[in-house]
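First up is the structure itself, then whatever we jot down about it.
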Amino acid sequence: MDKAQIIETIAKRVAKELNKGDVVNLGIGLPTFVANYVDAEMQITFQSENGFVGLGPAAAKGEENPDIVNAGGLPVTILPGGAFFDSSLSFTIIRGGHVDKTVLGALQVDAQGNLANWMIPGKMVPGMGGAMDLVVGAKKVIVAMEHSAKGKPKILKKCTLPLTAASEVDMIITEMAVIEVTPEGLVLTELGPEATVEDVLAVTEADLIISEALK
Amino acid sequence: MVEIIGLQEAAEMVSDGATVMIGGFIGVGGPNSILEALIENNVKDLTIISNDTVTPELGIGKLVVNKQIKKAIVTHIGTNPETGRQMNAGELEVELVPQGTLAERIRAGGAGLGGVLTKAGLKTPVEEGKRKLEINGQDYLLEMPLKADIALLKASKADKAGNLYYNGSTRNFNPVMATAAELVIAEVDEIVEIGEINPNDVMTPGIFVNFIVKGGR
């Protein structure tokens, strides 16, 4: 798979996890593509942590409104029925359990559902932005990422990078697999379109329980 | 009492070493004209409290490039590589705060609360040096209130009573910062007569605002 196919595979699969009427926050980068695969009849409300619900598609060229941007600062649109608010209310929504699902990228995720996605000490320290609040506050946390970093596992026995949050990840969706985080450990429930169990195990450091209902 | 002043007058109210709250999200809803005037004044050793340090070409980002900031209390510095460079070189102290925690710390400062209990940051580097409290069997981090000498805000519209209206996603940290500083200056795109903003549409009541400055677009 090339990069575009990987993104499409992951984004389409994440979209299937959303239920009708969900309030959803999509992280910057790969997760934003999930919105492309959500049907209008699903009535999903996307939240933008800089201060609105009803986040619509990117603004068309020439129709950008400098006052309406997403959390990455890019010009976007707000859909009819949407609402603007301030940062305090935005994080009341996020931290208070009013977001049904959050979808985030990861540098590392581990067998306990720990997530590391905000810094590599000495190299890259962009900051956590809203990620720590989202991960502790959303009802369901879905990590959407490439399965490995050029063959180097990102799904580990234990994260080595500083954490974003401990034991908050519920599900990991990659181009190769769907993995659920359970008290017993990571359960491989689904294979990606071109992957075998052996392929997945070869680029996963954490132990995987193979679901009896593996798809 | 609200007074309308000029950009330069506003900038002169920010002294060396001041703690300054600055509204905006990657510069959107930021008082970018006042910040330009601060660059001309070359005021130094600022502690800024803001969502981010924008980009090197705009607002707070330019203050970073011009080395006017001593400490930044922010949620994200990824859009301004110069902030990271100065941090790694030990020239600029950066305190990274989860975004919801930043909003609530400011709110606590403005609302007369003694602190905030949150789960955000537990078992991460954010919890280092902070008290943890167990409430009803759950762990929380105690996060302390934030206050500032000056808040520099950006609104789309002000009336002459200082009531503020923010368009679109420019609201972000502005309303909460209006409550938590000794002196509040709002840069606005448009100044209208009292009565022209319907009281139902006021997002920051004028009682919080000391000065308004015509700037913006």
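Each chain in the structure tokens gets a letter, A, B, ..., in the order shown, and its residues are numbered from 1; ligands are numbered from 1 in order too.
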Item to check | Interface residues on chain B facing chain A, 6 Å, only C-alpha atoms, written as a ChimeraX atom specification | outcome: /B:75-78,98-100,103,120,124,168-173
DSSP helix (DSSP H, G or I) selection over stretch 75-164 of chain A, as a PDB file with N, CA and C atoms, in the first residue's frame:
```pdb
ATOM      1  N   SER A  87     -12.751  28.540  24.955  1.00  0.00           N
ATOM      2  CA  SER A  87     -11.913  27.388  25.298  1.00  0.00           C
ATOM      3  C   SER A  87     -12.378  26.692  26.576  1.00  0.00           C
ATOM      4  N   SER A  88     -12.914  27.472  27.495  1.00  0.00           N
ATOM      5  CA  SER A  88     -13.352  26.891  28.758  1.00  0.00           C
ATOM      6  C   SER A  88     -14.526  25.927  28.528  1.00  0.00           C
ATOM      7  N   LEU A  89     -15.494  26.351  27.733  1.00  0.00           N
ATOM      8  CA  LEU A  89     -16.625  25.470  27.426  1.00  0.00           C
ATOM      9  C   LEU A  89     -16.167  24.312  26.531  1.00  0.00           C
ATOM     10  N   SER A  90     -15.229  24.604  25.635  1.00  0.00           N
ATOM     11  CA  SER A  90     -14.742  23.553  24.744  1.00  0.00           C
ATOM     12  C   SER A  90     -14.179  22.382  25.544  1.00  0.00           C
ATOM     13  N   PHE A  91     -13.449  22.721  26.611  1.00  0.00           N
ATOM     14  CA  PHE A  91     -12.848  21.650  27.411  1.00  0.00           C
ATOM     15  C   PHE A  91     -13.781  21.138  28.496  1.00  0.00           C
ATOM     16  N   THR A  92     -14.858  21.852  28.762  1.00  0.00           N
ATOM     17  CA  THR A  92     -15.939  21.267  29.556  1.00  0.00           C
ATOM     18  C   THR A  92     -16.565  20.137  28.740  1.00  0.00           C
ATOM     19  N   ILE A  93     -16.740  20.364  27.465  1.00  0.00           N
ATOM     20  CA  ILE A  93     -17.273  19.328  26.579  1.00  0.00           C
ATOM     21  C   ILE A  93     -16.311  18.131  26.553  1.00  0.00           C
ATOM     22  N   ILE A  94     -15.025  18.418  26.401  1.00  0.00           N
ATOM     23  CA  ILE A  94     -14.018  17.365  26.241  1.00  0.00           C
ATOM     24  C   ILE A  94     -13.780  16.611  27.547  1.00  0.00           C
ATOM     25  N   ARG A  95     -13.520  17.341  28.618  1.00  0.00           N
ATOM     26  CA  ARG A  95     -13.122  16.694  29.866  1.00  0.00           C
ATOM     27  C   ARG A  95     -14.324  16.113  30.594  1.00  0.00           C
ATOM     28  N   ALA A 131      -4.524  17.159  23.720  1.00  0.00           N
ATOM     29  CA  ALA A 131      -4.552  15.686  23.690  1.00  0.00           C
ATOM     30  C   ALA A 131      -4.756  15.049  25.061  1.00  0.00           C
ATOM     31  N   MET A 132      -4.110  15.595  26.090  1.00  0.00           N
ATOM     32  CA  MET A 132      -4.234  14.964  27.421  1.00  0.00           C
ATOM     33  C   MET A 132      -5.666  15.052  27.944  1.00  0.00           C
ATOM     34  N   ASP A 133      -6.312  16.181  27.702  1.00  0.00           N
ATOM     35  CA  ASP A 133      -7.703  16.350  28.138  1.00  0.00           C
ATOM     36  C   ASP A 133      -8.633  15.439  27.337  1.00  0.00           C
ATOM     37  N   LEU A 134      -8.390  15.362  26.021  1.00  0.00           N
ATOM     38  CA  LEU A 134      -9.230  14.535  25.158  1.00  0.00           C
ATOM     39  C   LEU A 134      -9.161  13.070  25.565  1.00  0.00           C
ATOM     40  N   VAL A 135      -7.961  12.599  25.832  1.00  0.00           N
ATOM     41  CA  VAL A 135      -7.773  11.179  26.097  1.00  0.00           C
ATOM     42  C   VAL A 135      -8.373  10.773  27.445  1.00  0.00           C
ATOM     43  N   VAL A 136      -8.286  11.661  28.444  1.00  0.00           N
ATOM     44  CA  VAL A 136      -8.908  11.300  29.729  1.00  0.00           C
ATOM     45  C   VAL A 136     -10.418  11.562  29.731  1.00  0.00           C
ATOM     46  N   GLY A 137     -10.886  12.444  28.842  1.00  0.00           N
ATOM     47  CA  GLY A 137     -12.283  12.854  28.918  1.00  0.00           C
ATOM     48  C   GLY A 137     -13.239  12.160  27.967  1.00  0.00           C
TER      49      GLY A 137
END
```
Checklist entry - Can you list, as a PyMOL selection string, every protein, DNA or RNA residue that comes within 12 Å of A:Gln5 when you count only C-alpha atoms, leaving out same-chain residues fewer than 2 positions away? => result chain A and resi 1-3+7-12+30+33+146+174-176+192-194
Item to check | atom CA of A:Leu201 to atom CA of A:Leu156, distance in Å rounded to a single decimal | outcome: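 Answer for the atom CA of A:Leu201 to atom CA of A:Leu156 separation: 11.4 Å.
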Next on the checklist: With only C-alpha atoms as the counted atoms, please give the residues lying no more than 6 Å from stretch 139-141 of chain A, apart from itself and same-chain residues fewer than 6 positions off, as number ranges by chain.
Outcome noted: A: 97, 100-102, 169-170
Please dump the current selection as a PDB file, in the first residue's frame; keep C-alpha atoms.
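Final output, selection_0.pdb:
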```pdb
ATOM      1  CA  GLY A  97     -17.406  13.183  29.042  1.00  0.00           C
ATOM      2  CA  ASP A 100     -18.302  10.094  22.507  1.00  0.00           C
ATOM      3  CA  LYS A 101     -15.154   9.300  20.565  1.00  0.00           C
ATOM      4  CA  THR A 102     -11.772  10.853  20.058  1.00  0.00           C
ATOM      5  CA  VAL A 169      -6.775   3.827  24.867  1.00  0.00           C
ATOM      6  CA  ASP A 170      -9.685   1.541  23.953  1.00  0.00           C
TER       7      ASP A 170
END
```
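Interatomic distance, atom CA of B:Glu187 against atom CA of B:Arg105: 23.4 Å.
Separating atom CA of A:Gly54 from atom CA of B:Lys154 is a distance of 23.4 Å.
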Next on the checklist: Taking the DSSP secondary structure from the backbone, can you list the residues of stretch 3-113 of chain B that are strand (DSSP E), as a PyMOL selection string?
Outcome noted: chain B and resi 3-5+19-22+46-49+69-74+93-96
